[in-house]
$ cat input-v9.pdb   # PDB, N, CA and C atoms, pLDDT in the B column
ATOM      1  N   MET A   1       0.847  -1.173   0.000  1.00 74.00           N
ATOM      2  CA  MET A   1       0.000   0.000   0.000  1.00 74.00           C
ATOM      3  C   MET A   1       0.895   1.241   0.000  1.00 74.00           C
ATOM      4  N   ALA A   2       0.582   2.200  -0.841  1.00 81.00           N
ATOM      5  CA  ALA A   2       1.357   3.429  -0.940  1.00 81.00           C
ATOM      6  C   ALA A   2       0.823   4.464   0.044  1.00 81.00           C
ATOM      7  N   HIS A   3       1.724   5.284   0.523  1.00 85.00           N
ATOM      8  CA  HIS A   3       1.363   6.359   1.449  1.00 85.00           C
ATOM      9  C   HIS A   3       1.896   7.675   0.903  1.00 85.00           C
ATOM     10  N   ALA A   4       1.105   8.690   0.991  1.00 86.00           N
ATOM     11  CA  ALA A   4       1.539  10.018   0.555  1.00 86.00           C
ATOM     12  C   ALA A   4       2.202  10.726   1.722  1.00 86.00           C
ATOM     13  N   GLN A   5       3.261  11.412   1.421  1.00 91.00           N
ATOM     14  CA  GLN A   5       3.914  12.241   2.431  1.00 91.00           C
ATOM     15  C   GLN A   5       3.219  13.598   2.435  1.00 91.00           C
ATOM     16  N   LEU A   6       2.605  13.940   3.560  1.00 90.00           N
ATOM     17  CA  LEU A   6       1.924  15.226   3.663  1.00 90.00           C
ATOM     18  C   LEU A   6       2.920  16.296   4.068  1.00 90.00           C
ATOM     19  N   SER A   7       2.745  17.461   3.505  1.00 92.00           N
ATOM     20  CA  SER A   7       3.599  18.585   3.888  1.00 92.00           C
ATOM     21  C   SER A   7       3.174  19.074   5.271  1.00 92.00           C
ATOM     22  N   SER A   8       4.014  19.887   5.874  1.00 91.00           N
ATOM     23  CA  SER A   8       3.650  20.425   7.190  1.00 91.00           C
ATOM     24  C   SER A   8       2.406  21.307   7.085  1.00 91.00           C
ATOM     25  N   ASP A   9       2.245  22.021   5.981  1.00 91.00           N
ATOM     26  CA  ASP A   9       1.030  22.830   5.791  1.00 91.00           C
ATOM     27  C   ASP A   9      -0.215  21.950   5.728  1.00 91.00           C
ATOM     28  N   GLU A  10      -0.116  20.814   5.041  1.00 92.00           N
ATOM     29  CA  GLU A  10      -1.245  19.886   4.955  1.00 92.00           C
ATOM     30  C   GLU A  10      -1.547  19.272   6.321  1.00 92.00           C
ATOM     31  N   LEU A  11      -0.525  18.909   7.058  1.00 91.00           N
ATOM     32  CA  LEU A  11      -0.734  18.344   8.396  1.00 91.00           C
ATOM     33  C   LEU A  11      -1.404  19.352   9.321  1.00 91.00           C
ATOM     34  N   ARG A  12      -1.040  20.613   9.195  1.00 90.00           N
ATOM     35  CA  ARG A  12      -1.643  21.663  10.035  1.00 90.00           C
ATOM     36  C   ARG A  12      -3.138  21.830   9.754  1.00 90.00           C
ATOM     37  N   LEU A  13      -3.564  21.479   8.544  1.00 92.00           N
ATOM     38  CA  LEU A  13      -4.978  21.639   8.178  1.00 92.00           C
ATOM     39  C   LEU A  13      -5.868  20.506   8.682  1.00 92.00           C
ATOM     40  N   ILE A  14      -5.314  19.342   8.944  1.00 91.00           N
ATOM     41  CA  ILE A  14      -6.125  18.169   9.291  1.00 91.00           C
ATOM     42  C   ILE A  14      -7.059  18.417  10.474  1.00 91.00           C
ATOM     43  N   PRO A  15      -6.596  18.963  11.612  1.00 90.00           N
ATOM     44  CA  PRO A  15      -7.542  19.189  12.716  1.00 90.00           C
ATOM     45  C   PRO A  15      -8.689  20.127  12.330  1.00 90.00           C
ATOM     46  N   HIS A  16      -8.400  21.136  11.523  1.00 90.00           N
ATOM     47  CA  HIS A  16      -9.439  22.079  11.104  1.00 90.00           C
ATOM     48  C   HIS A  16     -10.430  21.414  10.143  1.00 90.00           C
ATOM     49  N   LEU A  17      -9.929  20.583   9.258  1.00 93.00           N
ATOM     50  CA  LEU A  17     -10.812  19.857   8.348  1.00 93.00           C
ATOM     51  C   LEU A  17     -11.690  18.869   9.111  1.00 93.00           C
ATOM     52  N   ALA A  18     -11.127  18.230  10.123  1.00 90.00           N
ATOM     53  CA  ALA A  18     -11.913  17.303  10.943  1.00 90.00           C
ATOM     54  C   ALA A  18     -13.031  18.043  11.667  1.00 90.00           C
ATOM     55  N   MET A  19     -12.738  19.214  12.206  1.00 89.00           N
ATOM     56  CA  MET A  19     -13.766  19.976  12.910  1.00 89.00           C
ATOM     57  C   MET A  19     -14.804  20.529  11.937  1.00 89.00           C
ATOM     58  N   ALA A  20     -14.403  20.863  10.724  1.00 93.00           N
ATOM     59  CA  ALA A  20     -15.379  21.301   9.718  1.00 93.00           C
ATOM     60  C   ALA A  20     -16.342  20.160   9.407  1.00 93.00           C
ATOM     61  N   ARG A  21     -15.819  18.951   9.350  1.00 93.00           N
ATOM     62  CA  ARG A  21     -16.674  17.781   9.098  1.00 93.00           C
ATOM     63  C   ARG A  21     -17.649  17.571  10.257  1.00 93.00           C
ATOM     64  N   VAL A  22     -17.173  17.730  11.487  1.00 91.00           N
ATOM     65  CA  VAL A  22     -18.043  17.597  12.661  1.00 91.00           C
ATOM     66  C   VAL A  22     -19.149  18.646  12.619  1.00 91.00           C
ATOM     67  N   ALA A  23     -18.789  19.883  12.290  1.00 92.00           N
ATOM     68  CA  ALA A  23     -19.788  20.958  12.224  1.00 92.00           C
ATOM     69  C   ALA A  23     -20.805  20.683  11.128  1.00 92.00           C
ATOM     70  N   ALA A  24     -20.342  20.250   9.962  1.00 94.00           N
ATOM     71  CA  ALA A  24     -21.265  19.951   8.859  1.00 94.00           C
ATOM     72  C   ALA A  24     -22.213  18.827   9.242  1.00 94.00           C
ATOM     73  N   ARG A  25     -21.701  17.793   9.899  1.00 93.00           N
ATOM     74  CA  ARG A  25     -22.557  16.678  10.305  1.00 93.00           C
ATOM     75  C   ARG A  25     -23.605  17.144  11.315  1.00 93.00           C
ATOM     76  N   ALA A  26     -23.189  17.981  12.279  1.00 92.00           N
ATOM     77  CA  ALA A  26     -24.136  18.469  13.282  1.00 92.00           C
ATOM     78  C   ALA A  26     -25.224  19.333  12.642  1.00 92.00           C
ATOM     79  N   LEU A  27     -24.836  20.174  11.706  1.00 93.00           N
ATOM     80  CA  LEU A  27     -25.820  21.025  11.028  1.00 93.00           C
ATOM     81  C   LEU A  27     -26.776  20.201  10.176  1.00 93.00           C
ATOM     82  N   LEU A  28     -26.245  19.235   9.446  1.00 95.00           N
ATOM     83  CA  LEU A  28     -27.102  18.405   8.598  1.00 95.00           C
ATOM     84  C   LEU A  28     -28.059  17.543   9.413  1.00 95.00           C
ATOM     85  N   THR A  29     -27.568  16.971  10.500  1.00 95.00           N
ATOM     86  CA  THR A  29     -28.469  16.133  11.302  1.00 95.00           C
ATOM     87  C   THR A  29     -29.524  16.985  12.004  1.00 95.00           C
ATOM     88  N   SER A  30     -29.170  18.187  12.413  1.00 94.00           N
ATOM     89  CA  SER A  30     -30.167  19.081  13.023  1.00 94.00           C
ATOM     90  C   SER A  30     -31.257  19.421  12.016  1.00 94.00           C
ATOM     91  N   TRP A  31     -30.857  19.701  10.797  1.00 96.00           N
ATOM     92  CA  TRP A  31     -31.813  20.003   9.728  1.00 96.00           C
ATOM     93  C   TRP A  31     -32.698  18.787   9.440  1.00 96.00           C
ATOM     94  N   ARG A  32     -32.088  17.608   9.335  1.00 96.00           N
ATOM     95  CA  ARG A  32     -32.861  16.394   9.059  1.00 96.00           C
ATOM     96  C   ARG A  32     -33.836  16.074  10.189  1.00 96.00           C
ATOM     97  N   ALA A  33     -33.434  16.352  11.429  1.00 96.00           N
ATOM     98  CA  ALA A  33     -34.326  16.099  12.561  1.00 96.00           C
ATOM     99  C   ALA A  33     -35.578  16.977  12.479  1.00 96.00           C
ATOM    100  N   MET A  34     -35.420  18.190  11.930  1.00 97.00           N
ATOM    101  CA  MET A  34     -36.600  19.047  11.744  1.00 97.00           C
ATOM    102  C   MET A  34     -37.498  18.492  10.636  1.00 97.00           C
ATOM    103  N   LEU A  35     -36.901  17.893   9.623  1.00 97.00           N
ATOM    104  CA  LEU A  35     -37.692  17.327   8.528  1.00 97.00           C
ATOM    105  C   LEU A  35     -38.418  16.049   8.932  1.00 97.00           C
ATOM    106  N   PHE A  36     -37.796  15.279   9.823  1.00 97.00           N
ATOM    107  CA  PHE A  36     -38.334  13.979  10.231  1.00 97.00           C
ATOM    108  C   PHE A  36     -38.413  13.898  11.759  1.00 97.00           C
ATOM    109  N   PRO A  37     -39.311  14.676  12.367  1.00 97.00           N
ATOM    110  CA  PRO A  37     -39.375  14.718  13.832  1.00 97.00           C
ATOM    111  C   PRO A  37     -39.692  13.363  14.467  1.00 97.00           C
ATOM    112  N   GLU A  38     -40.354  12.497  13.744  1.00 97.00           N
ATOM    113  CA  GLU A  38     -40.675  11.174  14.293  1.00 97.00           C
ATOM    114  C   GLU A  38     -39.426  10.307  14.454  1.00 97.00           C
ATOM    115  N   ASN A  39     -38.357  10.675  13.789  1.00 97.00           N
ATOM    116  CA  ASN A  39     -37.112   9.913  13.850  1.00 97.00           C
ATOM    117  C   ASN A  39     -35.973  10.736  14.481  1.00 97.00           C
ATOM    118  N   GLN A  40     -36.362  11.788  15.199  1.00 96.00           N
ATOM    119  CA  GLN A  40     -35.410  12.745  15.748  1.00 96.00           C
ATOM    120  C   GLN A  40     -34.370  12.109  16.667  1.00 96.00           C
ATOM    121  N   ALA A  41     -34.785  11.248  17.562  1.00 95.00           N
ATOM    122  CA  ALA A  41     -33.839  10.644  18.515  1.00 95.00           C
ATOM    123  C   ALA A  41     -32.740   9.878  17.786  1.00 95.00           C
ATOM    124  N   TYR A  42     -33.118   9.127  16.770  1.00 96.00           N
ATOM    125  CA  TYR A  42     -32.127   8.354  16.014  1.00 96.00           C
ATOM    126  C   TYR A  42     -31.198   9.269  15.224  1.00 96.00           C
ATOM    127  N   ILE A  43     -31.771  10.264  14.567  1.00 95.00           N
ATOM    128  CA  ILE A  43     -30.974  11.161  13.733  1.00 95.00           C
ATOM    129  C   ILE A  43     -29.970  11.949  14.568  1.00 95.00           C
ATOM    130  N   LEU A  44     -30.365  12.369  15.745  1.00 95.00           N
ATOM    131  CA  LEU A  44     -29.520  13.244  16.574  1.00 95.00           C
ATOM    132  C   LEU A  44     -28.629  12.492  17.568  1.00 95.00           C
ATOM    133  N   ARG A  45     -28.554  11.184  17.474  1.00 93.00           N
ATOM    134  CA  ARG A  45     -27.850  10.411  18.495  1.00 93.00           C
ATOM    135  C   ARG A  45     -26.375  10.787  18.651  1.00 93.00           C
ATOM    136  N   PHE A  46     -25.731  11.296  17.616  1.00 89.00           N
ATOM    137  CA  PHE A  46     -24.324  11.685  17.719  1.00 89.00           C
ATOM    138  C   PHE A  46     -24.113  13.187  17.585  1.00 89.00           C
ATOM    139  N   THR A  47     -25.180  13.941  17.520  1.00 90.00           N
ATOM    140  CA  THR A  47     -25.060  15.377  17.286  1.00 90.00           C
ATOM    141  C   THR A  47     -24.532  16.119  18.505  1.00 90.00           C
ATOM    142  N   ARG A  48     -25.023  15.814  19.682  1.00 89.00           N
ATOM    143  CA  ARG A  48     -24.555  16.510  20.887  1.00 89.00           C
ATOM    144  C   ARG A  48     -23.053  16.328  21.093  1.00 89.00           C
ATOM    145  N   PRO A  49     -22.512  15.112  21.000  1.00 90.00           N
ATOM    146  CA  PRO A  49     -21.046  14.985  21.121  1.00 90.00           C
ATOM    147  C   PRO A  49     -20.303  15.790  20.050  1.00 90.00           C
ATOM    148  N   GLY A  50     -20.888  15.895  18.864  1.00 88.00           N
ATOM    149  CA  GLY A  50     -20.261  16.687  17.809  1.00 88.00           C
ATOM    150  C   GLY A  50     -20.159  18.154  18.178  1.00 88.00           C
ATOM    151  N   TRP A  51     -21.245  18.708  18.733  1.00 90.00           N
ATOM    152  CA  TRP A  51     -21.202  20.103  19.181  1.00 90.00           C
ATOM    153  C   TRP A  51     -20.204  20.272  20.317  1.00 90.00           C
ATOM    154  N   GLU A  52     -20.116  19.275  21.203  1.00 91.00           N
ATOM    155  CA  GLU A  52     -19.142  19.349  22.298  1.00 91.00           C
ATOM    156  C   GLU A  52     -17.711  19.300  21.764  1.00 91.00           C
ATOM    157  N   HIS A  53     -17.451  18.493  20.741  1.00 89.00           N
ATOM    158  CA  HIS A  53     -16.125  18.461  20.119  1.00 89.00           C
ATOM    159  C   HIS A  53     -15.800  19.804  19.483  1.00 89.00           C
ATOM    160  N   LEU A  54     -16.771  20.382  18.814  1.00 88.00           N
ATOM    161  CA  LEU A  54     -16.551  21.681  18.186  1.00 88.00           C
ATOM    162  C   LEU A  54     -16.291  22.748  19.240  1.00 88.00           C
ATOM    163  N   ARG A  55     -17.029  22.727  20.329  1.00 91.00           N
ATOM    164  CA  ARG A  55     -16.818  23.681  21.418  1.00 91.00           C
ATOM    165  C   ARG A  55     -15.410  23.531  21.987  1.00 91.00           C
ATOM    166  N   TRP A  56     -14.969  22.292  22.203  1.00 90.00           N
ATOM    167  CA  TRP A  56     -13.616  22.030  22.708  1.00 90.00           C
ATOM    168  C   TRP A  56     -12.581  22.633  21.757  1.00 90.00           C
ATOM    169  N   PHE A  57     -12.767  22.377  20.468  1.00 88.00           N
ATOM    170  CA  PHE A  57     -11.843  22.878  19.463  1.00 88.00           C
ATOM    171  C   PHE A  57     -11.777  24.403  19.482  1.00 88.00           C
ATOM    172  N   MET A  58     -12.924  25.054  19.563  1.00 88.00           N
ATOM    173  CA  MET A  58     -12.969  26.514  19.521  1.00 88.00           C
ATOM    174  C   MET A  58     -12.374  27.157  20.766  1.00 88.00           C
ATOM    175  N   GLN A  59     -12.264  26.422  21.849  1.00 92.00           N
ATOM    176  CA  GLN A  59     -11.671  26.946  23.080  1.00 92.00           C
ATOM    177  C   GLN A  59     -10.148  26.808  23.107  1.00 92.00           C
ATOM    178  N   ARG A  60      -9.579  26.207  22.092  1.00 89.00           N
ATOM    179  CA  ARG A  60      -8.143  25.980  22.030  1.00 89.00           C
ATOM    180  C   ARG A  60      -7.464  27.012  21.141  1.00 89.00           C
ATOM    181  N   ASP A  61      -6.188  27.190  21.382  1.00 89.00           N
ATOM    182  CA  ASP A  61      -5.371  28.032  20.531  1.00 89.00           C
ATOM    183  C   ASP A  61      -5.265  27.370  19.161  1.00 89.00           C
ATOM    184  N   HIS A  62      -5.665  28.064  18.136  1.00 86.00           N
ATOM    185  CA  HIS A  62      -5.726  27.464  16.803  1.00 86.00           C
ATOM    186  C   HIS A  62      -4.339  27.083  16.284  1.00 86.00           C
ATOM    187  N   GLU A  63      -3.343  27.837  16.644  1.00 88.00           N
ATOM    188  CA  GLU A  63      -1.987  27.512  16.221  1.00 88.00           C
ATOM    189  C   GLU A  63      -1.525  26.201  16.853  1.00 88.00           C
ATOM    190  N   ALA A  64      -1.837  26.022  18.132  1.00 88.00           N
ATOM    191  CA  ALA A  64      -1.463  24.780  18.819  1.00 88.00           C
ATOM    192  C   ALA A  64      -2.204  23.588  18.214  1.00 88.00           C
ATOM    193  N   VAL A  65      -3.474  23.774  17.897  1.00 86.00           N
ATOM    194  CA  VAL A  65      -4.243  22.693  17.271  1.00 86.00           C
ATOM    195  C   VAL A  65      -3.657  22.375  15.906  1.00 86.00           C
ATOM    196  N   SER A  66      -3.334  23.412  15.140  1.00 87.00           N
ATOM    197  CA  SER A  66      -2.756  23.210  13.805  1.00 87.00           C
ATOM    198  C   SER A  66      -1.455  22.412  13.884  1.00 87.00           C
ATOM    199  N   ASN A  67      -0.670  22.658  14.903  1.00 86.00           N
ATOM    200  CA  ASN A  67       0.641  22.007  15.026  1.00 86.00           C
ATOM    201  C   ASN A  67       0.583  20.662  15.747  1.00 86.00           C
ATOM    202  N   ALA A  68      -0.587  20.202  16.113  1.00 84.00           N
ATOM    203  CA  ALA A  68      -0.721  18.987  16.915  1.00 84.00           C
ATOM    204  C   ALA A  68      -0.146  17.756  16.214  1.00 84.00           C
ATOM    205  N   LEU A  69      -0.188  17.712  14.909  1.00 79.00           N
ATOM    206  CA  LEU A  69       0.280  16.523  14.181  1.00 79.00           C
ATOM    207  C   LEU A  69       1.725  16.650  13.698  1.00 79.00           C
ATOM    208  N   LEU A  70       2.372  17.740  14.017  1.00 81.00           N
ATOM    209  CA  LEU A  70       3.769  17.919  13.577  1.00 81.00           C
ATOM    210  C   LEU A  70       4.734  17.247  14.526  1.00 81.00           C
TER     211      LEU A  70
END

$ encode --input "input-v9.pdb" --output "structure tokens"
Amino acid sequence: MAHAQLSSDELRLIPHLAMARVAARALLTSWRAMLFPENQAYILRFTRPGWEHLRWFMQRDHEAVSNALL
């Protein structure tokens, strides 16, 4: 299996891209829960932890988070 060598700039982006994915998932599931209220509990089962992860991320120094994988 081949592996790509990521540059330091690419490595710095990974935590931010991960948090963008968490935010997008939380927003989409919140929207879907409004569309399908009868299935709200199932749709939102991972949404609260996602918002908590995003809150944790936003409380950190962004430079330190960016450098976490270096």

$ resolve_selection --input "input-v9.pdb" --expression "the PyMOL selection byres ((chain A and resi 39-52) around 6.5)" --output "MDAnalysis selection string"
chainID A and resid 22:23 25:26 29:30 33 36:38 53:57

$ write_last_selection --input "input-v9.pdb" --atoms "N, CA and C atoms" --output "CSV table (one decimal), in the coordinates of the input"
chain,number,residue,atom,x,y,z
A,22,VAL,N,-17.2,17.7,11.5
A,22,VAL,CA,-18.0,17.6,12.7
A,22,VAL,C,-19.1,18.6,12.6
A,23,ALA,N,-18.8,19.9,12.3
A,23,ALA,CA,-19.8,21.0,12.2
A,23,ALA,C,-20.8,20.7,11.1
A,25,ARG,N,-21.7,17.8,9.9
A,25,ARG,CA,-22.6,16.7,10.3
A,25,ARG,C,-23.6,17.1,11.3
A,26,ALA,N,-23.2,18.0,12.3
A,26,ALA,CA,-24.1,18.5,13.3
A,26,ALA,C,-25.2,19.3,12.6
A,29,THR,N,-27.6,17.0,10.5
A,29,THR,CA,-28.5,16.1,11.3
A,29,THR,C,-29.5,17.0,12.0
A,30,SER,N,-29.2,18.2,12.4
A,30,SER,CA,-30.2,19.1,13.0
A,30,SER,C,-31.3,19.4,12.0
A,33,ALA,N,-33.4,16.4,11.4
A,33,ALA,CA,-34.3,16.1,12.6
A,33,ALA,C,-35.6,17.0,12.5
A,36,PHE,N,-37.8,15.3,9.8
A,36,PHE,CA,-38.3,14.0,10.2
A,36,PHE,C,-38.4,13.9,11.8
A,37,PRO,N,-39.3,14.7,12.4
A,37,PRO,CA,-39.4,14.7,13.8
A,37,PRO,C,-39.7,13.4,14.5
A,38,GLU,N,-40.4,12.5,13.7
A,38,GLU,CA,-40.7,11.2,14.3
A,38,GLU,C,-39.4,10.3,14.5
A,53,HIS,N,-17.5,18.5,20.7
A,53,HIS,CA,-16.1,18.5,20.1
A,53,HIS,C,-15.8,19.8,19.5
A,54,LEU,N,-16.8,20.4,18.8
A,54,LEU,CA,-16.6,21.7,18.2
A,54,LEU,C,-16.3,22.7,19.2
A,55,ARG,N,-17.0,22.7,20.3
A,55,ARG,CA,-16.8,23.7,21.4
A,55,ARG,C,-15.4,23.5,22.0
A,56,TRP,N,-15.0,22.3,22.2
A,56,TRP,CA,-13.6,22.0,22.7
A,56,TRP,C,-12.6,22.6,21.8
A,57,PHE,N,-12.8,22.4,20.5
A,57,PHE,CA,-11.8,22.9,19.5
A,57,PHE,C,-11.8,24.4,19.5

$ axis_aligned_box --input "input-v9.pdb" --around "segment 44-54 of chain A" --padding-each-side "8 Å" --output "JSON"
{"center_x": -23.1, "center_y": 16.6, "center_z": 19.0, "size_x": 30.6, "size_y": 28.3, "size_z": 22.6}

$ atom_distance --input "input-v9.pdb" --atom1 "atom C of Met19 of chain A" --atom2 "atom N of Leu35 of chain A"
22.4 Å

$ resolve_selection --input "input-v9.pdb" --expression "the PyMOL selection byres ((chain A and resi 11) around 7)" --output "PDB file with N, CA and C atoms, keeping the file's coordinate frame"
ATOM      1  N   LEU A   6       2.605  13.940   3.560  1.00 90.00           N
ATOM      2  CA  LEU A   6       1.924  15.226   3.663  1.00 90.00           C
ATOM      3  C   LEU A   6       2.920  16.296   4.068  1.00 90.00           C
ATOM      4  N   SER A   7       2.745  17.461   3.505  1.00 92.00           N
ATOM      5  CA  SER A   7       3.599  18.585   3.888  1.00 92.00           C
ATOM      6  C   SER A   7       3.174  19.074   5.271  1.00 92.00           C
ATOM      7  N   SER A   8       4.014  19.887   5.874  1.00 91.00           N
ATOM      8  CA  SER A   8       3.650  20.425   7.190  1.00 91.00           C
ATOM      9  C   SER A   8       2.406  21.307   7.085  1.00 91.00           C
ATOM     10  N   ASP A   9       2.245  22.021   5.981  1.00 91.00           N
ATOM     11  CA  ASP A   9       1.030  22.830   5.791  1.00 91.00           C
ATOM     12  C   ASP A   9      -0.215  21.950   5.728  1.00 91.00           C
ATOM     13  N   GLU A  10      -0.116  20.814   5.041  1.00 92.00           N
ATOM     14  CA  GLU A  10      -1.245  19.886   4.955  1.00 92.00           C
ATOM     15  C   GLU A  10      -1.547  19.272   6.321  1.00 92.00           C
ATOM     16  N   ARG A  12      -1.040  20.613   9.195  1.00 90.00           N
ATOM     17  CA  ARG A  12      -1.643  21.663  10.035  1.00 90.00           C
ATOM     18  C   ARG A  12      -3.138  21.830   9.754  1.00 90.00           C
ATOM     19  N   LEU A  13      -3.564  21.479   8.544  1.00 92.00           N
ATOM     20  CA  LEU A  13      -4.978  21.639   8.178  1.00 92.00           C
ATOM     21  C   LEU A  13      -5.868  20.506   8.682  1.00 92.00           C
ATOM     22  N   ILE A  14      -5.314  19.342   8.944  1.00 91.00           N
ATOM     23  CA  ILE A  14      -6.125  18.169   9.291  1.00 91.00           C
ATOM     24  C   ILE A  14      -7.059  18.417  10.474  1.00 91.00           C
ATOM     25  N   PRO A  15      -6.596  18.963  11.612  1.00 90.00           N
ATOM     26  CA  PRO A  15      -7.542  19.189  12.716  1.00 90.00           C
ATOM     27  C   PRO A  15      -8.689  20.127  12.330  1.00 90.00           C
ATOM     28  N   SER A  66      -3.334  23.412  15.140  1.00 87.00           N
ATOM     29  CA  SER A  66      -2.756  23.210  13.805  1.00 87.00           C
ATOM     30  C   SER A  66      -1.455  22.412  13.884  1.00 87.00           C
ATOM     31  N   ASN A  67      -0.670  22.658  14.903  1.00 86.00           N
ATOM     32  CA  ASN A  67       0.641  22.007  15.026  1.00 86.00           C
ATOM     33  C   ASN A  67       0.583  20.662  15.747  1.00 86.00           C
ATOM     34  N   ALA A  68      -0.587  20.202  16.113  1.00 84.00           N
ATOM     35  CA  ALA A  68      -0.721  18.987  16.915  1.00 84.00           C
ATOM     36  C   ALA A  68      -0.146  17.756  16.214  1.00 84.00           C
ATOM     37  N   LEU A  69      -0.188  17.712  14.909  1.00 79.00           N
ATOM     38  CA  LEU A  69       0.280  16.523  14.181  1.00 79.00           C
ATOM     39  C   LEU A  69       1.725  16.650  13.698  1.00 79.00           C
ATOM     40  N   LEU A  70       2.372  17.740  14.017  1.00 81.00           N
ATOM     41  CA  LEU A  70       3.769  17.919  13.577  1.00 81.00           C
ATOM     42  C   LEU A  70       4.734  17.247  14.526  1.00 81.00           C
TER      43      LEU A  70
END

$ atom_distance --input "input-v9.pdb" --atom1 "atom CA of His62 of chain A" --atom2 "atom C of Arg21 of chain A"
16.8 Å

$ atom_distance --input "input-v9.pdb" --atom1 "atom N of Met34 of chain A" --atom2 "atom N of Met58 of chain A"
24.7 Å

$ select_by_dssp --input "input-v9.pdb" --residues "segment 17-63 of chain A" --states "alpha helix (DSSP H)" --output "PyMOL selection string"
chain A and resi 17-35+40-43+47-58+62-63

$ write_last_selection --input "input-v9.pdb" --atoms "N, CA and C atoms" --output "compact mmCIF listing (two decimals), in the coordinates of the input"
# COMPACT_ATOMS: atom_id res chain seq x y z
N LEU A 17 -9.93 20.58 9.26
CA LEU A 17 -10.81 19.86 8.35
C LEU A 17 -11.69 18.87 9.11
N ALA A 18 -11.13 18.23 10.12
CA ALA A 18 -11.91 17.30 10.94
C ALA A 18 -13.03 18.04 11.67
N MET A 19 -12.74 19.21 12.21
CA MET A 19 -13.77 19.98 12.91
C MET A 19 -14.80 20.53 11.94
N ALA A 20 -14.40 20.86 10.72
CA ALA A 20 -15.38 21.30 9.72
C ALA A 20 -16.34 20.16 9.41
N ARG A 21 -15.82 18.95 9.35
CA ARG A 21 -16.67 17.78 9.10
C ARG A 21 -17.65 17.57 10.26
N VAL A 22 -17.17 17.73 11.49
CA VAL A 22 -18.04 17.60 12.66
C VAL A 22 -19.15 18.65 12.62
N ALA A 23 -18.79 19.88 12.29
CA ALA A 23 -19.79 20.96 12.22
C ALA A 23 -20.80 20.68 11.13
N ALA A 24 -20.34 20.25 9.96
CA ALA A 24 -21.26 19.95 8.86
C ALA A 24 -22.21 18.83 9.24
N ARG A 25 -21.70 17.79 9.90
CA ARG A 25 -22.56 16.68 10.30
C ARG A 25 -23.60 17.14 11.32
N ALA A 26 -23.19 17.98 12.28
CA ALA A 26 -24.14 18.47 13.28
C ALA A 26 -25.22 19.33 12.64
N LEU A 27 -24.84 20.17 11.71
CA LEU A 27 -25.82 21.02 11.03
C LEU A 27 -26.78 20.20 10.18
N LEU A 28 -26.24 19.24 9.45
CA LEU A 28 -27.10 18.40 8.60
C LEU A 28 -28.06 17.54 9.41
N THR A 29 -27.57 16.97 10.50
CA THR A 29 -28.47 16.13 11.30
C THR A 29 -29.52 16.98 12.00
N SER A 30 -29.17 18.19 12.41
CA SER A 30 -30.17 19.08 13.02
C SER A 30 -31.26 19.42 12.02
N TRP A 31 -30.86 19.70 10.80
CA TRP A 31 -31.81 20.00 9.73
C TRP A 31 -32.70 18.79 9.44
N ARG A 32 -32.09 17.61 9.34
CA ARG A 32 -32.86 16.39 9.06
C ARG A 32 -33.84 16.07 10.19
N ALA A 33 -33.43 16.35 11.43
CA ALA A 33 -34.33 16.10 12.56
C ALA A 33 -35.58 16.98 12.48
N MET A 34 -35.42 18.19 11.93
CA MET A 34 -36.60 19.05 11.74
C MET A 34 -37.50 18.49 10.64
N LEU A 35 -36.90 17.89 9.62
CA LEU A 35 -37.69 17.33 8.53
C LEU A 35 -38.42 16.05 8.93
N GLN A 40 -36.36 11.79 15.20
CA GLN A 40 -35.41 12.74 15.75
C GLN A 40 -34.37 12.11 16.67
N ALA A 41 -34.78 11.25 17.56
CA ALA A 41 -33.84 10.64 18.52
C ALA A 41 -32.74 9.88 17.79
N TYR A 42 -33.12 9.13 16.77
CA TYR A 42 -32.13 8.35 16.01
C TYR A 42 -31.20 9.27 15.22
N ILE A 43 -31.77 10.26 14.57
CA ILE A 43 -30.97 11.16 13.73
C ILE A 43 -29.97 11.95 14.57
N THR A 47 -25.18 13.94 17.52
CA THR A 47 -25.06 15.38 17.29
C THR A 47 -24.53 16.12 18.50
N ARG A 48 -25.02 15.81 19.68
CA ARG A 48 -24.56 16.51 20.89
C ARG A 48 -23.05 16.33 21.09
N PRO A 49 -22.51 15.11 21.00
CA PRO A 49 -21.05 14.98 21.12
C PRO A 49 -20.30 15.79 20.05
N GLY A 50 -20.89 15.90 18.86
CA GLY A 50 -20.26 16.69 17.81
C GLY A 50 -20.16 18.15 18.18
N TRP A 51 -21.24 18.71 18.73
CA TRP A 51 -21.20 20.10 19.18
C TRP A 51 -20.20 20.27 20.32
N GLU A 52 -20.12 19.27 21.20
CA GLU A 52 -19.14 19.35 22.30
C GLU A 52 -17.71 19.30 21.76
N HIS A 53 -17.45 18.49 20.74
CA HIS A 53 -16.12 18.46 20.12
C HIS A 53 -15.80 19.80 19.48
N LEU A 54 -16.77 20.38 18.81
CA LEU A 54 -16.55 21.68 18.19
C LEU A 54 -16.29 22.75 19.24
N ARG A 55 -17.03 22.73 20.33
CA ARG A 55 -16.82 23.68 21.42
C ARG A 55 -15.41 23.53 21.99
N TRP A 56 -14.97 22.29 22.20
CA TRP A 56 -13.62 22.03 22.71
C TRP A 56 -12.58 22.63 21.76
N PHE A 57 -12.77 22.38 20.47
CA PHE A 57 -11.84 22.88 19.46
C PHE A 57 -11.78 24.40 19.48
N MET A 58 -12.92 25.05 19.56
CA MET A 58 -12.97 26.51 19.52
C MET A 58 -12.37 27.16 20.77
N HIS A 62 -5.66 28.06 18.14
CA HIS A 62 -5.73 27.46 16.80
C HIS A 62 -4.34 27.08 16.28
N GLU A 63 -3.34 27.84 16.64
CA GLU A 63 -1.99 27.51 16.22
C GLU A 63 -1.52 26.20 16.85
